[in-house]
>>> print(open('run.txt').read())   # compact mmCIF, C-alpha atoms
# COMPACT_ATOMS: atom_id res chain seq x y z
CA MET A 200 50.97 78.63 119.24
CA SER A 201 52.11 78.84 115.64
CA LYS A 202 55.44 77.31 114.71
CA ILE A 203 58.67 79.28 114.81
CA ARG A 204 59.53 80.61 111.37
CA PHE A 205 63.17 79.59 110.89
CA ALA A 206 65.64 80.60 108.18
CA THR A 207 69.34 80.26 107.36
CA VAL A 208 71.28 82.39 104.89
CA TRP A 209 74.69 81.90 103.32
CA LEU A 210 76.75 85.01 102.58
CA ALA A 211 80.56 85.14 102.13
CA GLY A 212 81.51 81.86 103.77
CA CYS A 213 82.54 78.38 102.71
CA SER A 214 79.20 76.73 103.68
CA GLY A 215 81.09 74.88 106.44
CA CYS A 216 78.71 76.29 109.05
CA HIS A 217 75.77 74.92 107.08
CA MET A 218 77.57 71.56 106.84
CA SER A 219 77.99 71.66 110.61
CA PHE A 220 74.27 72.44 110.87
CA LEU A 221 73.58 69.26 108.88
CA ASP A 222 75.81 67.45 111.40
CA LEU A 223 72.92 67.87 113.84
CA ASP A 224 71.82 64.57 112.28
CA GLU A 225 68.69 63.11 113.87
CA TRP A 226 68.09 66.25 115.96
CA LEU A 227 67.20 67.92 112.64
CA ILE A 228 64.05 65.78 112.68
CA ASP A 229 63.14 67.14 116.13
CA LEU A 230 63.91 70.65 114.90
CA ALA A 231 61.79 70.19 111.78
CA ALA A 232 58.85 69.24 114.00
CA GLN A 233 59.12 72.52 115.90
CA VAL A 234 59.82 75.04 113.15
CA ASP A 235 58.74 76.05 109.69
CA VAL A 236 61.83 76.34 107.54
CA VAL A 237 60.97 79.37 105.42
CA TYR A 238 64.31 80.05 103.73
CA SER A 239 67.58 78.11 103.69
CA PRO A 240 70.14 76.91 101.13
CA VAL A 241 70.08 73.47 102.80
CA GLY A 242 66.52 73.20 104.09
CA CYS A 243 64.07 74.83 101.72
CA ASP A 244 63.64 75.64 98.03
CA LEU A 245 62.15 79.12 98.31
CA LYS A 246 64.13 81.78 96.42
CA ASP A 247 62.99 84.95 98.21
CA TYR A 248 63.55 85.74 101.87
CA PRO A 249 60.05 86.03 103.36
CA GLU A 250 58.59 88.44 105.94
CA ASN A 251 58.03 87.76 109.65
CA VAL A 252 60.92 85.37 110.21
CA ASP A 253 61.46 84.52 113.89
CA VAL A 254 65.01 83.14 113.90
CA CYS A 255 67.69 83.33 111.22
CA LEU A 256 71.19 81.85 111.21
CA VAL A 257 73.46 84.05 109.07
CA GLU A 258 76.60 82.34 107.80
CA GLY A 259 79.33 84.41 106.19
CA ALA A 260 80.72 87.92 106.04
CA ILE A 261 79.53 90.81 103.89
CA ALA A 262 81.77 90.78 100.81
CA ASN A 263 79.68 91.89 97.81
CA GLU A 264 76.61 93.92 96.79
CA GLU A 265 74.33 90.90 96.95
CA ASN A 266 75.44 90.06 100.53
CA LEU A 267 74.79 93.66 101.49
CA GLU A 268 71.31 93.79 99.97
CA LEU A 269 70.35 90.45 101.50
CA ILE A 270 71.58 91.28 105.02
CA TYR A 271 69.59 94.55 105.10
CA HIS A 272 66.52 92.62 103.92
CA VAL A 273 67.10 89.83 106.46
CA ARG A 274 67.49 92.33 109.30
CA ALA A 275 64.30 94.14 108.35
CA HIS A 276 62.23 90.94 108.37
CA THR A 277 63.80 88.91 111.20
CA LYS A 278 63.17 89.01 114.95
CA THR A 279 66.29 87.15 116.14
CA LEU A 280 69.32 87.39 113.88
CA ILE A 281 72.18 85.07 114.79
CA SER A 282 75.72 85.67 113.48
CA PHE A 283 76.51 82.06 112.67
CA GLY A 284 80.21 81.19 112.67
CA ASP A 285 83.46 83.14 112.52
CA CYS A 286 82.92 84.68 109.04
CA ALA A 287 79.70 86.32 110.23
CA VAL A 288 81.20 87.27 113.62
CA THR A 289 84.73 88.38 112.63
CA ALA A 290 84.73 88.33 108.78
CA ASN A 291 87.43 85.64 109.22
CA VAL A 292 89.13 84.21 106.10
CA PRO A 293 87.08 86.16 103.49
CA ALA A 294 88.38 89.38 105.12
CA MET A 295 92.02 88.43 104.61
CA ARG A 296 91.72 90.20 101.26
CA ASN A 297 91.14 93.46 103.18
CA MET A 298 94.87 93.57 103.83
CA LEU A 299 95.38 94.10 100.08
CA GLY A 300 93.53 97.38 100.39
CA GLY A 301 90.41 97.04 98.22
CA ALA A 302 88.52 95.02 95.63
CA GLU A 303 90.63 96.02 92.64
CA PRO A 304 93.96 94.45 93.64
CA VAL A 305 92.09 91.25 94.57
CA LEU A 306 90.30 91.03 91.21
CA LYS A 307 93.50 91.87 89.30
CA ARG A 308 95.41 89.18 91.13
CA ALA A 309 92.76 86.52 90.58
CA TYR A 310 91.55 87.32 87.06
CA ILE A 311 94.49 89.06 85.35
CA GLU A 312 97.75 87.91 86.95
CA LEU A 313 96.56 84.33 87.45
CA GLY A 314 94.28 84.21 84.42
CA ASP A 315 95.74 81.56 82.10
CA GLU A 316 93.53 82.26 79.09
CA THR A 317 91.84 85.51 78.01
CA PRO A 318 92.46 87.24 81.34
CA GLN A 319 89.72 89.81 82.00
CA LEU A 320 87.93 91.35 84.96
CA PRO A 321 84.38 90.03 85.49
CA TYR A 322 81.84 92.75 84.72
CA GLU A 323 78.17 91.83 84.32
CA PRO A 324 76.02 94.41 86.12
CA GLY A 325 72.83 92.87 87.49
CA ILE A 326 74.18 89.34 87.11
CA VAL A 327 77.57 89.17 88.86
CA PRO A 328 77.46 91.14 92.13
CA GLU A 329 80.27 93.68 92.52
CA LEU A 330 82.78 93.07 95.32
CA LEU A 331 82.76 95.57 98.15
CA ASP A 332 86.10 97.24 98.86
CA GLN A 333 86.23 95.77 102.37
CA VAL A 334 84.78 92.54 103.73
CA ARG A 335 82.93 93.21 107.01
CA PRO A 336 81.42 91.14 109.81
CA VAL A 337 77.62 91.23 109.93
CA HIS A 338 77.33 93.34 113.09
CA GLU A 339 79.34 96.19 111.57
CA LEU A 340 76.39 96.69 109.15
CA VAL A 341 73.23 95.63 110.98
CA PRO A 342 72.41 94.92 114.64
CA VAL A 343 72.93 91.28 115.63
CA ASP A 344 71.04 89.58 118.47
CA ILE A 345 73.19 86.52 119.15
CA PHE A 346 76.82 85.77 118.27
CA MET A 347 77.81 82.15 117.72
CA PRO A 348 81.56 82.02 116.91
CA GLY A 349 83.39 78.96 115.62
CA CYS A 350 84.93 77.83 112.35
CA PRO A 351 82.62 76.08 112.07
CA PRO A 352 80.56 76.09 115.28
CA SER A 353 80.13 72.43 116.25
CA ALA A 354 76.73 70.78 115.90
CA ASP A 355 76.59 70.68 119.73
CA ARG A 356 77.14 74.45 119.90
CA ILE A 357 74.44 75.06 117.27
CA ARG A 358 72.00 72.85 119.16
CA ALA A 359 72.84 74.52 122.51
CA THR A 360 72.11 77.89 120.88
CA LEU A 361 68.85 76.89 119.18
CA GLU A 362 67.28 74.79 121.94
CA PRO A 363 66.69 77.69 124.39
CA LEU A 364 65.27 79.78 121.51
CA LEU A 365 62.74 77.06 120.78
CA ARG A 366 61.62 77.35 124.42
CA GLY A 367 61.39 81.12 124.05
CA GLU A 368 64.57 81.75 126.08
CA MET A 369 67.88 83.37 125.14
CA PRO A 370 70.91 81.05 125.03
CA VAL A 371 73.85 81.79 127.35
CA MET A 372 76.86 82.36 125.10
CA GLU A 373 79.69 81.77 127.59
CA GLY A 374 82.59 79.40 128.03
CA ARG A 375 84.83 77.37 125.72
CA GLU A 376 82.00 75.16 124.46
CA MET A 377 79.98 78.16 123.27
CA ILE A 378 82.29 81.02 122.22
CA LYS A 379 85.74 79.74 121.31
CA PHE A 380 86.82 81.29 118.01
CA GLY A 381 88.40 79.10 115.32
CA MET B 471 112.14 88.30 155.37
CA SER B 472 109.71 91.14 156.06
CA ILE B 473 106.01 90.59 155.68
CA THR B 474 103.25 92.70 154.16
CA THR B 475 99.56 92.21 154.89
CA LEU B 476 96.88 93.38 152.50
CA LYS B 477 93.30 92.60 151.50
CA ILE B 478 92.45 91.12 148.12
CA ASN B 479 88.71 90.91 147.41
CA GLY B 480 88.11 91.28 151.14
CA GLN B 481 90.35 88.30 151.93
CA ASP B 482 93.33 88.88 154.25
CA VAL B 483 96.56 88.04 152.45
CA VAL B 484 100.02 87.82 154.02
CA THR B 485 102.95 87.90 151.63
CA GLU B 486 106.64 88.65 151.40
CA SER B 487 107.30 92.40 151.10
CA GLY B 488 108.35 93.55 147.66
CA LYS B 489 106.18 91.05 145.80
CA THR B 490 103.72 92.18 143.16
CA VAL B 491 99.97 92.21 143.68
CA LEU B 492 99.76 89.59 140.91
CA ALA B 493 102.13 87.24 142.78
CA ALA B 494 100.34 87.82 146.10
CA ALA B 495 96.97 87.07 144.51
CA LYS B 496 98.34 83.92 142.91
CA GLU B 497 99.67 82.71 146.28
CA ALA B 498 96.25 83.36 147.79
CA GLY B 499 94.58 81.33 145.06
CA ILE B 500 92.96 84.32 143.38
CA PRO B 501 93.49 84.09 139.61
CA ILE B 502 93.96 87.35 137.68
CA PRO B 503 93.96 87.10 133.86
CA THR B 504 97.27 87.96 132.16
CA LEU B 505 98.80 87.93 128.69
CA CYS B 506 102.19 89.65 128.81
CA HIS B 507 103.16 88.06 132.15
CA LEU B 508 105.33 84.96 131.92
CA GLU B 509 106.82 83.09 134.88
CA GLY B 510 110.60 83.31 134.81
CA ILE B 511 111.03 86.70 133.11
CA SER B 512 110.63 90.32 134.18
CA GLU B 513 107.29 92.13 134.02
CA ALA B 514 106.39 94.64 131.31
CA GLY B 515 102.87 95.84 132.14
CA ALA B 516 102.22 95.78 128.40
CA CYS B 517 98.78 94.19 128.07
CA ARG B 518 96.91 95.74 131.04
CA LEU B 519 94.72 92.65 131.32
CA CYS B 520 95.72 92.23 134.98
CA ALA B 521 94.46 95.72 135.91
CA VAL B 522 93.02 95.84 139.45
CA GLU B 523 91.31 98.47 141.58
CA VAL B 524 93.24 99.73 144.60
CA LYS B 525 91.28 101.58 147.28
CA GLY B 526 92.29 105.23 147.51
CA THR B 527 93.40 105.64 143.91
CA PRO B 528 91.08 106.32 140.97
CA LYS B 529 93.55 104.79 138.49
CA LEU B 530 93.46 101.12 137.60
CA MET B 531 96.78 99.48 138.46
CA ALA B 532 98.45 96.67 136.50
CA ALA B 533 98.82 93.96 139.17
CA CYS B 534 102.00 92.62 137.57
CA VAL B 535 103.94 95.86 138.15
CA THR B 536 102.29 97.05 141.38
CA THR B 537 104.17 96.20 144.56
CA VAL B 538 102.16 95.16 147.61
CA ALA B 539 101.88 97.74 150.39
CA GLU B 540 100.85 97.39 154.02
CA GLY B 541 97.07 97.75 154.44
CA MET B 542 96.45 97.88 150.68
CA GLU B 543 92.89 96.96 149.65
CA VAL B 544 92.68 95.40 146.19
CA GLU B 545 89.68 94.32 144.11
CA THR B 546 90.38 92.01 141.17
CA HIS B 547 87.01 91.22 139.61
CA THR B 548 84.66 94.20 139.90
CA PRO B 549 82.15 94.76 137.04
CA LYS B 550 84.24 97.77 135.95
CA LEU B 551 87.36 95.60 135.65
CA GLN B 552 85.47 92.85 133.82
CA ASP B 553 84.25 95.48 131.33
CA TYR B 554 87.74 96.82 130.77
CA ARG B 555 89.24 93.35 130.37
CA ARG B 556 86.74 92.42 127.69
CA MET B 557 87.39 95.73 125.96
CA ILE B 558 91.17 95.13 126.05
CA VAL B 559 90.82 91.69 124.47
CA GLU B 560 88.44 93.03 121.81
CA LEU B 561 90.95 95.75 121.00
CA PHE B 562 93.69 93.13 120.57
CA PHE B 563 91.52 91.26 118.07
CA ALA B 564 90.50 94.44 116.23
CA GLU B 565 94.05 95.81 116.14
CA GLY B 566 95.83 92.95 114.37
CA ASN B 567 94.71 90.17 112.03
CA HIS B 568 93.79 87.25 114.28
CA VAL B 569 92.24 84.59 112.08
CA CYS B 570 91.94 81.75 114.60
CA SER B 571 90.66 79.17 112.13
CA ILE B 572 93.86 79.14 110.08
CA CYS B 573 96.37 79.94 112.84
CA VAL B 574 99.16 77.61 113.98
CA ALA B 575 98.15 78.29 117.58
CA ASN B 576 94.41 77.56 117.18
CA GLY B 577 93.35 75.67 120.31
CA ASN B 578 96.57 76.53 122.12
CA CYS B 579 96.54 80.32 122.12
CA GLU B 580 96.50 82.54 125.18
CA LEU B 581 94.68 85.33 123.32
CA GLN B 582 91.97 82.88 122.24
CA ASP B 583 91.73 81.63 125.85
CA ALA B 584 91.57 85.20 127.14
CA ALA B 585 88.64 85.89 124.80
CA ILE B 586 86.75 82.97 126.33
CA GLU B 587 87.69 84.02 129.87
CA VAL B 588 86.43 87.59 129.44
CA GLY B 589 83.28 86.41 127.65
CA MET B 590 84.04 87.95 124.25
CA ASP B 591 81.62 86.58 121.64
CA HIS B 592 82.39 89.38 119.16
CA SER B 593 84.41 92.59 118.90
CA ARG B 594 82.50 95.84 119.38
CA PHE B 595 85.40 97.65 117.71
CA ASN B 596 85.71 97.68 113.94
CA TYR B 597 88.57 95.53 112.70
CA ARG B 598 91.50 97.50 111.30
CA PHE B 599 92.90 94.83 108.95
CA PRO B 600 96.42 96.32 108.97
CA ASP B 601 98.98 95.08 106.47
CA ARG B 602 101.77 94.06 108.83
CA GLY B 603 103.70 91.45 106.91
CA MET B 604 105.77 88.52 108.08
CA ASP B 605 109.40 87.44 108.14
CA LEU B 606 110.25 83.92 107.01
CA SER B 607 113.96 84.54 106.46
CA HIS B 608 115.10 82.36 109.38
CA SER B 609 115.88 78.77 108.45
CA GLN B 610 113.85 77.27 111.32
CA PHE B 611 111.33 79.87 112.45
CA GLY B 612 108.94 82.51 111.20
CA ILE B 613 107.26 85.59 112.66
CA ASP B 614 103.83 86.73 111.46
CA HIS B 615 103.36 90.29 112.73
CA ASN B 616 99.64 90.08 111.97
CA ARG B 617 99.24 87.77 114.98
CA CYS B 618 101.48 89.77 117.32
CA ILE B 619 99.93 91.52 120.34
CA LEU B 620 103.19 93.28 121.33
CA CYS B 621 103.35 91.59 124.72
CA THR B 622 107.19 91.66 124.38
CA ARG B 623 107.59 88.23 125.95
CA CYS B 624 109.92 87.25 123.07
CA VAL B 625 112.01 90.38 123.66
CA ARG B 626 112.37 89.61 127.37
CA VAL B 627 112.93 85.88 127.09
CA CYS B 628 115.66 86.33 124.48
CA ASP B 629 117.38 89.05 126.48
CA GLU B 630 116.98 87.66 130.00
CA ILE B 631 117.11 83.89 129.60
CA GLU B 632 119.00 83.27 126.38
CA GLY B 633 121.12 86.41 126.68
CA ALA B 634 121.06 87.03 122.94
CA HIS B 635 118.74 90.09 122.76
CA VAL B 636 117.72 89.42 119.17
CA TRP B 637 114.33 91.09 119.59
CA ASP B 638 113.28 94.62 120.36
CA VAL B 639 110.36 96.97 119.77
CA GLY B 640 110.47 99.39 116.86
CA ASN B 641 108.38 102.45 116.04
CA ARG B 642 105.45 103.84 118.02
CA GLY B 643 101.67 103.69 118.15
CA GLU B 644 99.91 101.73 115.41
CA ALA B 645 103.23 101.29 113.54
CA CYS B 646 104.79 99.61 116.59
CA TYR B 647 106.22 96.19 115.83
CA ILE B 648 108.77 93.63 116.98
CA VAL B 649 112.13 93.99 115.22
CA SER B 650 114.96 91.47 114.99
CA GLY B 651 118.58 92.61 115.30
CA MET B 652 119.07 96.12 113.95
CA ASP B 653 115.67 95.89 112.20
CA GLN B 654 117.11 93.26 109.85
CA PRO B 655 115.53 90.10 108.46
CA TRP B 656 115.58 87.52 111.30
CA GLY B 657 117.64 85.10 109.22
CA GLU B 658 120.46 87.65 108.97
CA VAL B 659 120.75 88.30 112.71
CA SER B 660 123.95 86.58 113.78
CA ALA B 661 123.09 86.99 117.49
CA CYS B 662 120.21 84.50 117.13
CA THR B 663 121.19 81.11 118.52
CA ALA B 664 118.07 79.42 117.09
CA CYS B 665 117.19 78.24 120.60
CA GLY B 666 113.43 78.60 120.02
CA LYS B 667 112.66 80.18 123.41
CA CYS B 668 110.74 82.98 121.70
CA VAL B 669 108.52 80.37 120.05
CA ASP B 670 107.65 78.94 123.47
CA ALA B 671 107.22 82.37 125.03
CA CYS B 672 104.86 83.72 122.35
CA PRO B 673 101.27 83.62 123.63
CA THR B 674 99.77 83.54 120.12
CA GLY B 675 100.83 82.08 116.80
CA ALA B 676 103.01 85.08 115.88
CA ILE B 677 106.31 83.24 116.34
CA PHE B 678 106.31 79.64 115.16
CA ARG B 679 108.45 76.82 113.91
CA LYS B 680 108.41 76.45 110.13
CA GLY B 681 106.40 73.49 108.94
CA THR B 682 103.86 73.91 111.73
CA THR B 683 100.38 74.09 110.27
CA THR B 684 96.91 74.99 111.60
CA GLY B 685 96.49 74.15 115.28
CA GLU B 686 99.86 72.36 115.47
CA LYS B 687 101.84 74.82 117.58
CA ALA B 688 101.84 73.07 120.92
CA GLY B 689 104.10 75.45 122.86
CA ASP B 690 105.83 74.70 126.16
CA ARG B 691 105.59 77.80 128.29
CA ALA B 692 106.52 76.00 131.52
CA LYS B 693 109.92 75.19 130.02
CA LEU B 694 111.05 78.78 130.49
CA GLU B 695 110.09 78.82 134.18
CA PHE B 696 111.87 75.48 134.55
CA LEU B 697 115.06 76.90 133.03
CA VAL B 698 115.04 79.83 135.43
CA ASN B 699 114.46 77.57 138.45
CA ALA B 700 117.18 75.24 137.23
CA ARG B 701 119.71 78.05 137.06
CA ASP B 702 118.67 79.94 140.20
CA LYS B 703 117.74 77.08 142.52
CA GLN B 704 119.60 74.16 140.96
CA GLU B 705 116.30 72.33 140.35
CA TRP B 706 117.24 70.30 137.32
CA SER B 707 114.24 67.99 137.08
CA ARG B 708 110.69 68.73 135.97
>>> encode(input="run.txt", output="structure tokens")
Amino acid sequence: MSKIRFATVWLAGCSGCHMSFLDLDEWLIDLAAQVDVVYSPVGCDLKDYPENVDVCLVEGAIANEENLELIYHVRAHTKTLISFGDCAVTANVPAMRNMLGGAEPVLKRAYIELGDETPQLPYEPGIVPELLDQVRPVHELVPVDIFMPGCPPSADRIRATLEPLLRGEMPVMEGREMIKFG
Amino acid sequence: MSITTLKINGQDVVTESGKTVLAAAKEAGIPIPTLCHLEGISEAGACRLCAVEVKGTPKLMAACVTTVAEGMEVETHTPKLQDYRRMIVELFFAEGNHVCSICVANGNCELQDAAIEVGMDHSRFNYRFPDRGMDLSHSQFGIDHNRCILCTRCVRVCDEIEGAHVWDVGNRGEACYIVSGMDQPWGEVSACTACGKCVDACPTGAIFRKGTTTGEKAGDRAKLEFLVNARDKQEWSR
């Protein structure tokens, strides 16, 4: 049997979930023996998300055009998409800007009102991705196969989610150890 | 004392007449999930989490406000009820702004616990992200309406145990929120005795002591039940 093609992506999140993933410590060595890491900000240097990915951990909410483009691409080329952490599952802290009503008041606050020198709104089409008006959890845009809440999910929770998948089984996401938010 | 006999999940239960289905189930060791119920204060039937099926009626009944009746047959954990409970909890999360990771009550929140209990790993309802605001005008406490689930425990505890009736419910529907005094800033309500019972009664992190940061709101819900027992039954030790 060929190895499981494994990826992780980082959208609008703080990278804390990826740090928690690195907290798997020596189990990462066992994992590396069982999977091919084909795309990951912490595990691989490839720049383009490949085709035929078996399992992908998606950290972060959908906050800008780049996140949106990437999540559609990831969904189209991934068998098992896992919403990885509270930002992916609930939009969490990145979505607190939604209460301000759109991208414009957020940009004005950050770049004009709080801009100490030459305050200006960032505008570089094709280079700086535009903010979406509302930050959304992943499953409001594409279907998600497994939800792993937590801010961040502990290394134990990540391992308990991935281990059954490596055996070809679905993890049971129940109980405080697996689905507590926050 | 007159006695009522009923069946809960097929189990024969004998209880004092006039009790609620929720109380009878508790006595029989059958746990029913709740959020707006709090020992020591009146029932509101606000959250509907304790909904049960009663044979002979198509409607789901809130166990906390349904009185036991002779020969009643109650089911507390059918698949239909489990579905509804999960939906109710998801709606709570989607309705307000419940950001567990940065909340004072993280790790000690009844809404968070309810989500685990009903098996909610995500909300199937789109989040509303309402702009609800907060009131930090009181010298010791704050209320963040974003975290409020309108259980009205604060309203009842302040009225029934403290006797101050600082809190009430204003508006209707999605604009519904907890008001202090005559819809004044909390800090200007002279009726408030700053006793802090609303802080203990609040199931989430909506009402908190100032200076409490993420995960630090410990809460002491049993204190309210103790106070009621102390006054009613002269039990002055815990």
>>> interface_residues(input="run.txt", of="chain A", to="chain B", cutoff="8 Å", atoms="all atoms listed in the file", output="JSON list (two decimals) with C-alpha atoms, in the coordinates of the input")
[["chain", "number", "residue", "atom", "x", "y", "z"],
["A", 288, "VAL", "CA", 81.20, 87.27, 113.62],
["A", 289, "THR", "CA", 84.73, 88.38, 112.63],
["A", 291, "ASN", "CA", 87.43, 85.64, 109.22],
["A", 292, "VAL", "CA", 89.13, 84.21, 106.10],
["A", 295, "MET", "CA", 92.02, 88.43, 104.61],
["A", 297, "ASN", "CA", 91.14, 93.46, 103.18],
["A", 298, "MET", "CA", 94.87, 93.57, 103.83],
["A", 299, "LEU", "CA", 95.38, 94.10, 100.08],
["A", 339, "GLU", "CA", 79.34, 96.19, 111.57],
["A", 346, "PHE", "CA", 76.82, 85.77, 118.27],
["A", 347, "MET", "CA", 77.81, 82.15, 117.72],
["A", 348, "PRO", "CA", 81.56, 82.02, 116.91],
["A", 350, "CYS", "CA", 84.93, 77.83, 112.35],
["A", 372, "MET", "CA", 76.86, 82.36, 125.10],
["A", 373, "GLU", "CA", 79.69, 81.77, 127.59],
["A", 374, "GLY", "CA", 82.59, 79.40, 128.03],
["A", 375, "ARG", "CA", 84.83, 77.37, 125.72],
["A", 378, "ILE", "CA", 82.29, 81.02, 122.22],
["A", 379, "LYS", "CA", 85.74, 79.74, 121.31],
["A", 380, "PHE", "CA", 86.82, 81.29, 118.01],
["A", 381, "GLY", "CA", 88.40, 79.10, 115.32]]
>>> closest_residue(input="run.txt", among="B:Gln654, B:Gln704, B:Asn616, B:Thr622", to="B:Glu565", atoms="all atoms listed in the file")
B:Asn616
>>> atom_distance(input="run.txt", atom1="atom CA of B:Gly515", atom2="atom CA of B:Glu686")
29.0 Å
>>> residues_around(input="run.txt", residues="stretch 471-475 of chain B", least_positions_apart="2", cutoff="6 Å", atoms="all atoms listed in the file", output="PyMOL selection string")
chain B and resi 483-487+540
>>> residues_around(input="run.txt", residues="stretch 634-648 of chain B", least_positions_apart="4", cutoff="10 Å", atoms="only C-alpha atoms", output="number ranges by chain")
B: 565-566, 600, 602, 613, 615-616, 618-630, 652-653, 656, 659-663, 665, 668
>>> write_last_selection(input="run.txt", atoms="C-alpha atoms", output="mmCIF file, keeping the file's coordinate frame")
data_model
loop_
_atom_site.group_PDB
_atom_site.id
_atom_site.type_symbol
_atom_site.label_atom_id
_atom_site.label_comp_id
_atom_site.auth_asym_id
_atom_site.auth_seq_id
_atom_site.Cartn_x
_atom_site.Cartn_y
_atom_site.Cartn_z
ATOM 1 C CA GLU B 565 94.050 95.810 116.140
ATOM 2 C CA GLY B 566 95.830 92.950 114.370
ATOM 3 C CA PRO B 600 96.420 96.320 108.970
ATOM 4 C CA ARG B 602 101.770 94.060 108.830
ATOM 5 C CA ILE B 613 107.260 85.590 112.660
ATOM 6 C CA HIS B 615 103.360 90.290 112.730
ATOM 7 C CA ASN B 616 99.640 90.080 111.970
ATOM 8 C CA CYS B 618 101.480 89.770 117.320
ATOM 9 C CA ILE B 619 99.930 91.520 120.340
ATOM 10 C CA LEU B 620 103.190 93.280 121.330
ATOM 11 C CA CYS B 621 103.350 91.590 124.720
ATOM 12 C CA THR B 622 107.190 91.660 124.380
ATOM 13 C CA ARG B 623 107.590 88.230 125.950
ATOM 14 C CA CYS B 624 109.920 87.250 123.070
ATOM 15 C CA VAL B 625 112.010 90.380 123.660
ATOM 16 C CA ARG B 626 112.370 89.610 127.370
ATOM 17 C CA VAL B 627 112.930 85.880 127.090
ATOM 18 C CA CYS B 628 115.660 86.330 124.480
ATOM 19 C CA ASP B 629 117.380 89.050 126.480
ATOM 20 C CA GLU B 630 116.980 87.660 130.000
ATOM 21 C CA MET B 652 119.070 96.120 113.950
ATOM 22 C CA ASP B 653 115.670 95.890 112.200
ATOM 23 C CA TRP B 656 115.580 87.520 111.300
ATOM 24 C CA VAL B 659 120.750 88.300 112.710
ATOM 25 C CA SER B 660 123.950 86.580 113.780
ATOM 26 C CA ALA B 661 123.090 86.990 117.490
ATOM 27 C CA CYS B 662 120.210 84.500 117.130
ATOM 28 C CA THR B 663 121.190 81.110 118.520
ATOM 29 C CA CYS B 665 117.190 78.240 120.600
ATOM 30 C CA CYS B 668 110.740 82.980 121.700
#
>>> atom_distance(input="run.txt", atom1="atom CA of A:Leu256", atom2="atom CA of A:Thr279")
8.7 Å
>>> atom_distance(input="run.txt", atom1="atom CA of B:Glu580", atom2="atom CA of B:Pro673")
5.1 Å
>>> residues_around(input="run.txt", residues="B:Glu513", least_positions_apart="5", cutoff="9 Å", atoms="all atoms listed in the file", output="list in words")
Cys506, His507, Leu508, Cys534, Val535, Arg623 and Arg626 of chain B
>>> write_last_selection(input="run.txt", atoms="C-alpha atoms", output="short mmCIF file (atom, residue, chain, number, x, y, z; two decimals), keeping the file's coordinate frame")
data_model
loop_
_atom_site.label_atom_id
_atom_site.label_comp_id
_atom_site.auth_asym_id
_atom_site.auth_seq_id
_atom_site.Cartn_x
_atom_site.Cartn_y
_atom_site.Cartn_z
CA CYS B 506 102.19 89.65 128.81
CA HIS B 507 103.16 88.06 132.15
CA LEU B 508 105.33 84.96 131.92
CA CYS B 534 102.00 92.62 137.57
CA VAL B 535 103.94 95.86 138.15
CA ARG B 623 107.59 88.23 125.95
CA ARG B 626 112.37 89.61 127.37
#
>>> residues_around(input="run.txt", residues="stretch 216-225 of chain A", least_positions_apart="4", cutoff="7 Å", atoms="all atoms listed in the file", output="ChimeraX atom specification")
/A:258,284,351-354,357
>>> closest_residue(input="run.txt", among="B:Pro503, B:Glu560, B:Lys667, B:Glu497", to="B:Gly633", atoms="all atoms listed in the file")
B:Lys667
>>> residues_around(input="run.txt", residues="stretch 328-334 of chain A", least_positions_apart="6", cutoff="9 Å", atoms="all atoms listed in the file", output="PDB file with C-alpha atoms, in the coordinates of the input")
ATOM      1  CA  ALA A 211      80.560  85.140 102.130  1.00  0.00           C
ATOM      2  CA  ALA A 260      80.720  87.920 106.040  1.00  0.00           C
ATOM      3  CA  ILE A 261      79.530  90.810 103.890  1.00  0.00           C
ATOM      4  CA  ALA A 262      81.770  90.780 100.810  1.00  0.00           C
ATOM      5  CA  ASN A 263      79.680  91.890  97.810  1.00  0.00           C
ATOM      6  CA  GLU A 264      76.610  93.920  96.790  1.00  0.00           C
ATOM      7  CA  GLU A 265      74.330  90.900  96.950  1.00  0.00           C
ATOM      8  CA  ASN A 266      75.440  90.060 100.530  1.00  0.00           C
ATOM      9  CA  LEU A 267      74.790  93.660 101.490  1.00  0.00           C
ATOM     10  CA  ALA A 290      84.730  88.330 108.780  1.00  0.00           C
ATOM     11  CA  PRO A 293      87.080  86.160 103.490  1.00  0.00           C
ATOM     12  CA  ALA A 294      88.380  89.380 105.120  1.00  0.00           C
ATOM     13  CA  MET A 295      92.020  88.430 104.610  1.00  0.00           C
ATOM     14  CA  ARG A 296      91.720  90.200 101.260  1.00  0.00           C
ATOM     15  CA  ASN A 297      91.140  93.460 103.180  1.00  0.00           C
ATOM     16  CA  GLY A 300      93.530  97.380 100.390  1.00  0.00           C
ATOM     17  CA  GLY A 301      90.410  97.040  98.220  1.00  0.00           C
ATOM     18  CA  ALA A 302      88.520  95.020  95.630  1.00  0.00           C
ATOM     19  CA  GLU A 303      90.630  96.020  92.640  1.00  0.00           C
ATOM     20  CA  LEU A 306      90.300  91.030  91.210  1.00  0.00           C
ATOM     21  CA  PRO A 321      84.380  90.030  85.490  1.00  0.00           C
ATOM     22  CA  TYR A 322      81.840  92.750  84.720  1.00  0.00           C
TER      23      TYR A 322
END
>>> axis_aligned_box(input="run.txt", around="stretch 672-688 of chain B", padding_each_side="8 Å", output="JSON")
{"center_x": 102.5, "center_y": 78.7, "center_z": 116.3, "size_x": 28.0, "size_y": 28.7, "size_z": 30.7}
>>> closest_residue(input="run.txt", among="B:Arg708, B:Lys680, B:Arg518, B:Arg617", to="B:Phe696", atoms="all atoms listed in the file")
B:Arg708
>>> decode(input="run.txt", residues="stretch 362-368 of chain A", atoms="C-alpha atoms", output="mmCIF file, in the first residue's frame")
data_model
loop_
_atom_site.group_PDB
_atom_site.id
_atom_site.type_symbol
_atom_site.label_atom_id
_atom_site.label_comp_id
_atom_site.auth_asym_id
_atom_site.auth_seq_id
_atom_site.Cartn_x
_atom_site.Cartn_y
_atom_site.Cartn_z
ATOM 1 C CA GLU A 362 -4.065 7.619 14.606
ATOM 2 C CA PRO A 363 -7.395 6.042 13.539
ATOM 3 C CA LEU A 364 -7.039 7.703 10.106
ATOM 4 C CA LEU A 365 -3.651 6.055 9.660
ATOM 5 C CA ARG A 366 -5.392 2.710 10.273
ATOM 6 C CA GLY A 367 -8.065 3.626 7.736
ATOM 7 C CA GLU A 368 -10.713 4.289 10.415
#
